[in-house]
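K.L.:
Sharing a structure below in structure tokens format, with a few things to ask.
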Number of protein chains: 2
Amino acid sequence: MDLKKLLPCGRIIVFKKGEIVKYQDEPIEDVLVLLEGTLKTEHVSENGRTLEIDEIKPVQIIASGFIFSSEPRFPVNVVAGENSKILSISKEVFLDLLMKDRELLLFFLKDVSEHFRVVSEKLFFLTTKTLREKLMNFLVRHMNEKRELTLPVTLEELSRLFGCARPALSRVFQELEREGYIEKHGRRIKVLKDPLEHDRI
Amino acid sequence: MDLKKLLPCGRIIVFKKGEIVKYQDEPIEDVLVLLEGTLKTEHVSENGRTLEIDEIKPVQIIASGFIFSSEPRFPVNVVAGENSKILSISKEVFLDLLMKDRELLLFFLKDVSEHFRVVSEKLFFLTTKTLREKLMNFLVRHMNEKRELTLPVTLEELSRLFGCARPALSRVFQELEREGYIEKHGRRIKVLKDPLEHDRI
């Protein structure tokens, strides 16, 4: 759907590369649509560490899943990755539009639901598998037909994906190598045994 | 909001205790509203293990966050925990209602967004903290003013919450005890040092 048709309903705000568009925990007062440019989102943890989460490309509604929650706040810092143009629409006007435009309503519901599905799947994945299972699952999913892969992310990033500490992940790599499941040279890995042939890794 | 006003728009389906309402991965064709009874949701993993996830109490829309995703499927088995009554409304009719009834539209958007917020927060929690941080955070959050607590869940459940294996969690408990952060007798724990006084656990 072409969100640019919403242009007459809001006002344009322009951000220079590097400017902060919204701070984490700032209330969400309007519906923001990225029209041009790129935004980066970063999560600030309690101890002040900043973690880059995602990139937002145009044309997209920012933080769509949070806008209508009971105390809507931005879950992350939103930073302009390059010069960017954002359309800001008041929530009341946006609700009016949803009630008038079935296509927009379906688009918005789908947008929110898709984000929800992705986040839920990640959460299920994280909470229902052991670290060993997660890692083998990841390797099998990323290996080519020769059962080889080059890790697409750093160990640091992988451990974050798996919700564990980096040393714990390194230990599991070593275990799998010792037990003959994989061969590892830096980031290049060969899967020797297919764990899916077994009942339980 | 009283979802019972939707009664004239759908049909009632009745389930006996123990009956399966929907299977995991079954397409979501209609909007289902639990009117009476209790539903349980359980996740079936690749290796066939079943894990109880949640309880749904009336009056509530079932799997609201998934209904309008691009390939909507139930993310879990839905089982009747007791004799239950469900209202089934076609998606098209439900969309018509959303466009006519601002209160219902806001209710539904809020419902989906609240679920999204909870799931996102859990995911952030899981992916941005080390196991040690997660555990100390959990203990501090659950301790009373005497800095004592009784673990509200089993180690098995706690390790699932933290996305780690049970032995890894036991090891961290032992570490924290050895380093004088906690005292542990079975499920009763006393927090001796407050880790929030330190910059980084």
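As shown in the structure tokens, the chain order sets the letters A, B, ...; within each chain, residues go from 1, and ligands are also counted from 1 in the order they appear.
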For chain A, which residues have at least one atom within 8 Å of chain B, if we go by only C-alpha atoms? Write them as an mmCIF file with all heavy atoms, in the first residue's frame, please.
P.N.:
data_model
loop_
_atom_site.group_PDB
_atom_site.id
_atom_site.type_symbol
_atom_site.label_atom_id
_atom_site.label_comp_id
_atom_site.auth_asym_id
_atom_site.auth_seq_id
_atom_site.Cartn_x
_atom_site.Cartn_y
_atom_site.Cartn_z
ATOM 1 N N SER A 45 20.302 -0.220 27.764
ATOM 2 C CA SER A 45 19.978 -1.076 28.907
ATOM 3 C C SER A 45 20.209 -0.326 30.208
ATOM 4 O O SER A 45 20.729 0.794 30.217
ATOM 5 C CB SER A 45 20.808 -2.357 28.867
ATOM 6 O OG SER A 45 22.167 -2.022 28.964
ATOM 7 N N ASN A 47 22.235 -0.518 32.583
ATOM 8 C CA ASN A 47 23.587 -0.086 32.915
ATOM 9 C C ASN A 47 24.183 0.853 31.851
ATOM 10 O O ASN A 47 25.381 1.115 31.863
ATOM 11 C CB ASN A 47 24.489 -1.293 33.150
ATOM 12 C CG ASN A 47 24.485 -2.239 31.976
ATOM 13 O OD1 ASN A 47 24.275 -1.804 30.834
ATOM 14 N ND2 ASN A 47 24.714 -3.505 32.205
ATOM 15 N N GLY A 65 3.596 -1.403 16.425
ATOM 16 C CA GLY A 65 3.010 -2.287 17.430
ATOM 17 C C GLY A 65 2.839 -1.643 18.790
ATOM 18 O O GLY A 65 2.146 -2.189 19.654
ATOM 19 N N PHE A 66 3.470 -0.503 19.017
ATOM 20 C CA PHE A 66 3.420 0.121 20.347
ATOM 21 C C PHE A 66 2.450 1.301 20.426
ATOM 22 O O PHE A 66 2.077 1.727 21.503
ATOM 23 C CB PHE A 66 4.822 0.601 20.745
ATOM 24 C CG PHE A 66 5.784 -0.523 20.993
ATOM 25 C CD1 PHE A 66 6.556 -1.041 19.965
ATOM 26 C CD2 PHE A 66 5.897 -1.096 22.244
ATOM 27 C CE1 PHE A 66 7.429 -2.096 20.179
ATOM 28 C CE2 PHE A 66 6.777 -2.146 22.475
ATOM 29 C CZ PHE A 66 7.538 -2.642 21.449
ATOM 30 N N ILE A 67 2.076 1.826 19.262
ATOM 31 C CA ILE A 67 1.334 3.086 19.213
ATOM 32 C C ILE A 67 0.053 3.050 20.054
ATOM 33 O O ILE A 67 -0.268 3.999 20.750
ATOM 34 C CB ILE A 67 0.985 3.443 17.742
ATOM 35 C CG1 ILE A 67 2.273 3.654 16.931
ATOM 36 C CG2 ILE A 67 0.105 4.691 17.687
ATOM 37 C CD1 ILE A 67 2.052 3.781 15.437
ATOM 38 N N PHE A 68 -0.675 1.929 19.998
ATOM 39 C CA PHE A 68 -1.976 1.894 20.673
ATOM 40 C C PHE A 68 -1.972 1.056 21.948
ATOM 41 O O PHE A 68 -3.020 0.617 22.410
ATOM 42 C CB PHE A 68 -3.061 1.431 19.699
ATOM 43 C CG PHE A 68 -3.348 2.455 18.629
ATOM 44 C CD1 PHE A 68 -2.817 2.319 17.352
ATOM 45 C CD2 PHE A 68 -4.104 3.570 18.927
ATOM 46 C CE1 PHE A 68 -3.062 3.275 16.372
ATOM 47 C CE2 PHE A 68 -4.356 4.535 17.948
ATOM 48 C CZ PHE A 68 -3.842 4.389 16.678
ATOM 49 N N SER A 69 -0.790 0.802 22.507
ATOM 50 C CA SER A 69 -0.760 0.092 23.780
ATOM 51 C C SER A 69 -1.220 1.051 24.883
ATOM 52 O O SER A 69 -1.416 2.242 24.643
ATOM 53 C CB SER A 69 0.644 -0.459 24.051
ATOM 54 O OG SER A 69 1.573 0.588 24.123
ATOM 55 N N SER A 70 -1.397 0.525 26.103
ATOM 56 C CA SER A 70 -2.074 1.345 27.113
ATOM 57 C C SER A 70 -1.236 2.535 27.584
ATOM 58 O O SER A 70 -1.759 3.590 27.882
ATOM 59 C CB SER A 70 -2.506 0.484 28.294
ATOM 60 O OG SER A 70 -1.385 -0.097 28.881
ATOM 61 N N LEU A 95 -6.944 7.275 13.514
ATOM 62 C CA LEU A 95 -8.089 6.398 13.794
ATOM 63 C C LEU A 95 -9.248 6.695 12.832
ATOM 64 O O LEU A 95 -9.888 5.766 12.314
ATOM 65 C CB LEU A 95 -8.559 6.583 15.237
ATOM 66 C CG LEU A 95 -7.762 5.830 16.300
ATOM 67 C CD1 LEU A 95 -8.218 6.254 17.696
ATOM 68 C CD2 LEU A 95 -7.916 4.317 16.150
ATOM 69 N N LEU A 98 -8.417 5.038 9.630
ATOM 70 C CA LEU A 98 -8.583 3.578 9.688
ATOM 71 C C LEU A 98 -10.054 3.206 9.506
ATOM 72 O O LEU A 98 -10.384 2.191 8.880
ATOM 73 C CB LEU A 98 -8.098 3.033 11.028
ATOM 74 C CG LEU A 98 -6.595 3.062 11.314
ATOM 75 C CD1 LEU A 98 -6.315 2.455 12.683
ATOM 76 C CD2 LEU A 98 -5.804 2.316 10.240
ATOM 77 N N MET A 99 -10.942 4.028 10.075
ATOM 78 C CA MET A 99 -12.366 3.709 10.010
ATOM 79 C C MET A 99 -12.967 4.013 8.649
ATOM 80 O O MET A 99 -14.016 3.488 8.294
ATOM 81 C CB MET A 99 -13.126 4.468 11.111
ATOM 82 C CG MET A 99 -12.738 3.970 12.496
ATOM 83 S SD MET A 99 -13.626 4.791 13.835
ATOM 84 C CE MET A 99 -15.261 4.074 13.625
ATOM 85 N N LYS A 100 -12.279 4.858 7.882
ATOM 86 C CA LYS A 100 -12.809 5.226 6.567
ATOM 87 C C LYS A 100 -12.206 4.363 5.463
ATOM 88 O O LYS A 100 -12.822 4.159 4.428
ATOM 89 C CB LYS A 100 -12.476 6.708 6.284
ATOM 90 C CG LYS A 100 -13.600 7.669 6.667
ATOM 91 C CD LYS A 100 -13.263 9.074 6.229
ATOM 92 C CE LYS A 100 -12.611 9.832 7.366
ATOM 93 N NZ LYS A 100 -12.069 11.134 7.036
ATOM 94 N N ARG A 102 -10.658 0.890 4.415
ATOM 95 C CA ARG A 102 -10.501 -0.533 4.736
ATOM 96 C C ARG A 102 -9.105 -1.051 4.367
ATOM 97 O O ARG A 102 -8.510 -1.853 5.071
ATOM 98 C CB ARG A 102 -11.569 -1.334 3.996
ATOM 99 C CG ARG A 102 -11.769 -2.754 4.529
ATOM 100 C CD ARG A 102 -12.835 -3.453 3.675
ATOM 101 N NE ARG A 102 -13.175 -4.751 4.186
ATOM 102 C CZ ARG A 102 -14.200 -4.990 4.998
ATOM 103 N NH1 ARG A 102 -14.953 -3.998 5.419
ATOM 104 N NH2 ARG A 102 -14.455 -6.224 5.395
ATOM 105 N N LEU A 106 -6.555 -2.730 7.048
ATOM 106 C CA LEU A 106 -5.968 -4.053 6.861
ATOM 107 C C LEU A 106 -4.444 -3.974 6.838
ATOM 108 O O LEU A 106 -3.751 -4.801 7.420
ATOM 109 C CB LEU A 106 -6.467 -4.666 5.545
ATOM 110 C CG LEU A 106 -7.558 -5.713 5.732
ATOM 111 C CD1 LEU A 106 -8.102 -6.135 4.385
ATOM 112 C CD2 LEU A 106 -7.015 -6.931 6.485
ATOM 113 N N LEU A 109 -3.238 -3.397 10.485
ATOM 114 C CA LEU A 109 -3.395 -4.608 11.299
ATOM 115 C C LEU A 109 -2.358 -5.652 10.904
ATOM 116 O O LEU A 109 -1.770 -6.330 11.751
ATOM 117 C CB LEU A 109 -4.807 -5.189 11.130
ATOM 118 C CG LEU A 109 -5.947 -4.379 11.749
ATOM 119 C CD1 LEU A 109 -7.300 -5.019 11.426
ATOM 120 C CD2 LEU A 109 -5.768 -4.253 13.259
ATOM 121 N N LYS A 110 -2.119 -5.770 9.603
ATOM 122 C CA LYS A 110 -1.148 -6.739 9.104
ATOM 123 C C LYS A 110 0.263 -6.357 9.542
ATOM 124 O O LYS A 110 1.055 -7.204 9.955
ATOM 125 C CB LYS A 110 -1.240 -6.788 7.581
ATOM 126 C CG LYS A 110 -0.563 -7.974 6.950
ATOM 127 C CD LYS A 110 -1.030 -8.110 5.526
ATOM 128 C CE LYS A 110 -0.031 -8.872 4.694
ATOM 129 N NZ LYS A 110 -0.513 -9.030 3.315
ATOM 130 N N ASP A 111 0.540 -5.058 9.461
ATOM 131 C CA ASP A 111 1.859 -4.550 9.845
ATOM 132 C C ASP A 111 2.151 -4.896 11.317
ATOM 133 O O ASP A 111 3.183 -5.479 11.650
ATOM 134 C CB ASP A 111 1.871 -3.028 9.630
ATOM 135 C CG ASP A 111 3.253 -2.436 9.789
ATOM 136 O OD1 ASP A 111 4.209 -3.005 9.227
ATOM 137 O OD2 ASP A 111 3.388 -1.410 10.484
ATOM 138 N N VAL A 112 1.211 -4.547 12.182
ATOM 139 C CA VAL A 112 1.382 -4.816 13.602
ATOM 140 C C VAL A 112 1.494 -6.328 13.853
ATOM 141 O O VAL A 112 2.353 -6.795 14.601
ATOM 142 C CB VAL A 112 0.195 -4.222 14.405
ATOM 143 C CG1 VAL A 112 0.266 -4.632 15.856
ATOM 144 C CG2 VAL A 112 0.185 -2.708 14.289
ATOM 145 N N SER A 113 0.618 -7.099 13.193
ATOM 146 C CA SER A 113 0.584 -8.542 13.429
ATOM 147 C C SER A 113 1.862 -9.235 12.946
ATOM 148 O O SER A 113 2.331 -10.186 13.567
ATOM 149 C CB SER A 113 -0.620 -9.162 12.724
ATOM 150 O OG SER A 113 -1.800 -8.536 13.157
ATOM 151 N N GLU A 114 2.407 -8.760 11.822
ATOM 152 C CA GLU A 114 3.645 -9.359 11.312
ATOM 153 C C GLU A 114 4.787 -9.131 12.307
ATOM 154 O O GLU A 114 5.576 -10.035 12.573
ATOM 155 C CB GLU A 114 4.022 -8.766 9.955
ATOM 156 C CG GLU A 114 3.328 -9.432 8.796
ATOM 157 C CD GLU A 114 3.592 -10.933 8.761
ATOM 158 O OE1 GLU A 114 4.740 -11.349 8.565
ATOM 159 O OE2 GLU A 114 2.630 -11.700 8.964
ATOM 160 N N PHE A 116 4.429 -8.695 15.446
ATOM 161 C CA PHE A 116 4.113 -9.532 16.601
ATOM 162 C C PHE A 116 4.542 -10.976 16.347
ATOM 163 O O PHE A 116 5.130 -11.625 17.208
ATOM 164 C CB PHE A 116 2.610 -9.472 16.871
ATOM 165 C CG PHE A 116 2.197 -10.224 18.095
ATOM 166 C CD1 PHE A 116 2.554 -9.781 19.351
ATOM 167 C CD2 PHE A 116 1.456 -11.393 17.997
ATOM 168 C CE1 PHE A 116 2.174 -10.473 20.494
ATOM 169 C CE2 PHE A 116 1.074 -12.094 19.127
ATOM 170 C CZ PHE A 116 1.436 -11.628 20.374
ATOM 171 N N ARG A 117 4.260 -11.470 15.153
ATOM 172 C CA ARG A 117 4.591 -12.853 14.822
ATOM 173 C C ARG A 117 6.107 -13.077 14.900
ATOM 174 O O ARG A 117 6.577 -14.041 15.494
ATOM 175 C CB ARG A 117 4.076 -13.186 13.411
ATOM 176 C CG ARG A 117 4.048 -14.678 13.103
ATOM 177 C CD ARG A 117 3.492 -14.920 11.705
ATOM 178 N NE ARG A 117 4.220 -14.179 10.676
ATOM 179 C CZ ARG A 117 5.400 -14.538 10.179
ATOM 180 N NH1 ARG A 117 5.990 -15.629 10.597
ATOM 181 N NH2 ARG A 117 5.995 -13.803 9.256
ATOM 182 N N VAL A 119 8.400 -11.359 16.557
ATOM 183 C CA VAL A 119 8.890 -11.263 17.927
ATOM 184 C C VAL A 119 8.480 -12.501 18.731
ATOM 185 O O VAL A 119 9.275 -13.065 19.486
ATOM 186 C CB VAL A 119 8.373 -9.963 18.586
ATOM 187 C CG1 VAL A 119 8.674 -9.942 20.066
ATOM 188 C CG2 VAL A 119 9.005 -8.755 17.919
ATOM 189 N N SER A 120 7.242 -12.971 18.535
ATOM 190 C CA SER A 120 6.778 -14.156 19.259
ATOM 191 C C SER A 120 7.576 -15.388 18.883
ATOM 192 O O SER A 120 7.921 -16.200 19.738
ATOM 193 C CB SER A 120 5.303 -14.445 18.942
ATOM 194 O OG SER A 120 4.513 -13.397 19.362
ATOM 195 N N LYS A 122 10.619 -15.519 17.797
ATOM 196 C CA LYS A 122 11.946 -15.430 18.409
ATOM 197 C C LYS A 122 11.876 -15.824 19.876
ATOM 198 O O LYS A 122 12.752 -16.516 20.387
ATOM 199 C CB LYS A 122 12.485 -14.005 18.290
ATOM 200 C CG LYS A 122 13.055 -13.692 16.931
ATOM 201 C CD LYS A 122 13.777 -12.356 16.962
ATOM 202 C CE LYS A 122 14.211 -11.961 15.562
ATOM 203 N NZ LYS A 122 14.589 -10.543 15.491
ATOM 204 N N LEU A 123 10.825 -15.368 20.550
ATOM 205 C CA LEU A 123 10.687 -15.654 21.973
ATOM 206 C C LEU A 123 10.471 -17.152 22.205
ATOM 207 O O LEU A 123 11.094 -17.748 23.086
ATOM 208 C CB LEU A 123 9.519 -14.849 22.553
ATOM 209 C CG LEU A 123 9.424 -14.894 24.069
ATOM 210 C CD1 LEU A 123 10.621 -14.224 24.718
ATOM 211 C CD2 LEU A 123 8.144 -14.212 24.537
ATOM 212 N N LEU A 126 13.720 -18.880 21.725
ATOM 213 C CA LEU A 126 14.652 -18.679 22.837
ATOM 214 C C LEU A 126 14.279 -19.459 24.076
ATOM 215 O O LEU A 126 15.137 -19.884 24.832
ATOM 216 C CB LEU A 126 14.690 -17.195 23.212
ATOM 217 C CG LEU A 126 15.611 -16.323 22.393
ATOM 218 C CD1 LEU A 126 15.450 -14.877 22.812
ATOM 219 C CD2 LEU A 126 17.064 -16.752 22.600
ATOM 220 N N THR A 127 12.976 -19.615 24.316
ATOM 221 C CA THR A 127 12.563 -20.182 25.594
ATOM 222 C C THR A 127 12.279 -21.666 25.535
ATOM 223 O O THR A 127 12.095 -22.292 26.566
ATOM 224 C CB THR A 127 11.308 -19.455 26.125
ATOM 225 O OG1 THR A 127 10.324 -19.450 25.099
ATOM 226 C CG2 THR A 127 11.622 -18.046 26.550
ATOM 227 N N THR A 128 12.227 -22.248 24.353
ATOM 228 C CA THR A 128 11.868 -23.663 24.306
ATOM 229 C C THR A 128 13.036 -24.572 23.934
ATOM 230 O O THR A 128 12.903 -25.771 23.942
ATOM 231 C CB THR A 128 10.728 -23.924 23.304
ATOM 232 O OG1 THR A 128 11.128 -23.440 22.025
ATOM 233 C CG2 THR A 128 9.453 -23.246 23.748
ATOM 234 N N LYS A 129 14.172 -24.033 23.610
ATOM 235 C CA LYS A 129 15.293 -24.870 23.221
ATOM 236 C C LYS A 129 16.486 -24.639 24.135
ATOM 237 O O LYS A 129 16.670 -23.548 24.647
ATOM 238 C CB LYS A 129 15.707 -24.555 21.780
ATOM 239 C CG LYS A 129 14.781 -25.113 20.740
ATOM 240 C CD LYS A 129 15.397 -24.900 19.370
ATOM 241 C CE LYS A 129 14.359 -25.040 18.280
ATOM 242 N NZ LYS A 129 13.731 -26.355 18.213
ATOM 243 N N THR A 130 17.296 -25.637 24.305
ATOM 244 C CA THR A 130 18.542 -25.431 25.024
ATOM 245 C C THR A 130 19.530 -24.763 24.074
ATOM 246 O O THR A 130 19.350 -24.757 22.857
ATOM 247 C CB THR A 130 19.154 -26.764 25.478
ATOM 248 O OG1 THR A 130 19.509 -27.496 24.303
ATOM 249 C CG2 THR A 130 18.174 -27.578 26.298
ATOM 250 N N LEU A 131 20.594 -24.223 24.635
ATOM 251 C CA LEU A 131 21.598 -23.541 23.832
ATOM 252 C C LEU A 131 22.164 -24.462 22.740
ATOM 253 O O LEU A 131 22.357 -24.053 21.595
ATOM 254 C CB LEU A 131 22.710 -23.033 24.759
ATOM 255 C CG LEU A 131 23.847 -22.256 24.125
ATOM 256 C CD1 LEU A 131 23.306 -21.126 23.265
ATOM 257 C CD2 LEU A 131 24.754 -21.698 25.205
ATOM 258 N N ARG A 160 23.893 -13.104 21.612
ATOM 259 C CA ARG A 160 22.758 -12.241 21.934
ATOM 260 C C ARG A 160 21.479 -12.828 21.360
ATOM 261 O O ARG A 160 20.450 -12.873 22.030
ATOM 262 C CB ARG A 160 22.998 -10.852 21.348
ATOM 263 C CG ARG A 160 22.408 -9.765 22.176
ATOM 264 C CD ARG A 160 23.154 -8.490 22.006
ATOM 265 N NE ARG A 160 23.223 -8.117 20.614
ATOM 266 C CZ ARG A 160 24.249 -7.492 20.067
ATOM 267 N NH1 ARG A 160 25.292 -7.178 20.781
ATOM 268 N NH2 ARG A 160 24.232 -7.176 18.788
ATOM 269 N N LEU A 161 21.583 -13.299 20.124
ATOM 270 C CA LEU A 161 20.435 -13.941 19.475
ATOM 271 C C LEU A 161 19.934 -15.121 20.295
ATOM 272 O O LEU A 161 18.736 -15.380 20.389
ATOM 273 C CB LEU A 161 20.859 -14.411 18.077
ATOM 274 C CG LEU A 161 19.823 -15.127 17.219
ATOM 275 C CD1 LEU A 161 18.739 -14.141 16.771
ATOM 276 C CD2 LEU A 161 20.469 -15.760 16.010
ATOM 277 N N PHE A 162 20.862 -15.852 20.902
ATOM 278 C CA PHE A 162 20.492 -17.049 21.657
ATOM 279 C C PHE A 162 20.203 -16.730 23.133
ATOM 280 O O PHE A 162 19.832 -17.613 23.895
ATOM 281 C CB PHE A 162 21.617 -18.089 21.597
ATOM 282 C CG PHE A 162 21.845 -18.663 20.225
ATOM 283 C CD1 PHE A 162 23.021 -19.324 19.915
ATOM 284 C CD2 PHE A 162 20.869 -18.551 19.234
ATOM 285 C CE1 PHE A 162 23.234 -19.855 18.649
ATOM 286 C CE2 PHE A 162 21.078 -19.070 17.969
ATOM 287 C CZ PHE A 162 22.268 -19.722 17.673
ATOM 288 N N GLY A 163 20.392 -15.479 23.507
ATOM 289 C CA GLY A 163 20.113 -15.105 24.891
ATOM 290 C C GLY A 163 21.067 -15.736 25.884
ATOM 291 O O GLY A 163 20.674 -16.157 26.962
ATOM 292 N N CYS A 164 22.343 -15.847 25.515
ATOM 293 C CA CYS A 164 23.312 -16.426 26.439
ATOM 294 C C CYS A 164 24.581 -15.576 26.444
ATOM 295 O O CYS A 164 24.710 -14.634 25.675
ATOM 296 C CB CYS A 164 23.646 -17.860 26.031
ATOM 297 S SG CYS A 164 24.624 -17.949 24.526
ATOM 298 N N ALA A 165 25.495 -15.905 27.335
ATOM 299 C CA ALA A 165 26.764 -15.183 27.375
ATOM 300 C C ALA A 165 27.703 -15.766 26.319
ATOM 301 O O ALA A 165 27.581 -16.933 25.948
ATOM 302 C CB ALA A 165 27.385 -15.309 28.750
ATOM 303 N N ASP A 199 16.863 -38.362 17.572
ATOM 304 C CA ASP A 199 15.628 -37.970 18.202
ATOM 305 C C ASP A 199 15.794 -36.633 18.906
ATOM 306 O O ASP A 199 14.935 -35.768 18.890
ATOM 307 C CB ASP A 199 15.263 -39.035 19.250
ATOM 308 C CG ASP A 199 13.780 -39.230 19.288
ATOM 309 O OD1 ASP A 199 13.216 -39.424 18.206
ATOM 310 O OD2 ASP A 199 13.198 -39.136 20.383
ATOM 311 N N ARG A 200 16.931 -36.497 19.546
ATOM 312 C CA ARG A 200 17.132 -35.385 20.461
ATOM 313 C C ARG A 200 18.623 -35.127 20.449
ATOM 314 O O ARG A 200 19.412 -36.048 20.563
ATOM 315 C CB ARG A 200 16.665 -35.884 21.854
ATOM 316 C CG ARG A 200 16.854 -34.964 22.973
ATOM 317 C CD ARG A 200 15.514 -34.253 23.271
ATOM 318 N NE ARG A 200 15.602 -33.581 24.573
ATOM 319 C CZ ARG A 200 16.401 -32.564 24.796
ATOM 320 N NH1 ARG A 200 17.167 -32.087 23.848
ATOM 321 N NH2 ARG A 200 16.430 -32.009 25.993
#
K.L.:
With chain B laid on chain A by least squares, using all C-alpha atoms in order, how large is the RMSD?
P.N.:
0.1 Å
K.L.:
Just the strand (DSSP E) stuff from range 14-156 of chain B, please, per backbone DSSP, written as a count of residues only.
P.N.:
41
K.L.:
Work out how far CA of Lys91 in chain B is from CA of Pro27 in chain B, in Å to one decimal.
P.N.:
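It comes out at 12.5 Å.
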K.L.:
Any idea what the distance is between CA of Val31 in chain A and CA of Leu87 in chain A?
P.N.:
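Separation of CA of Val31 in chain A and CA of Leu87 in chain A: 8.1 Å.
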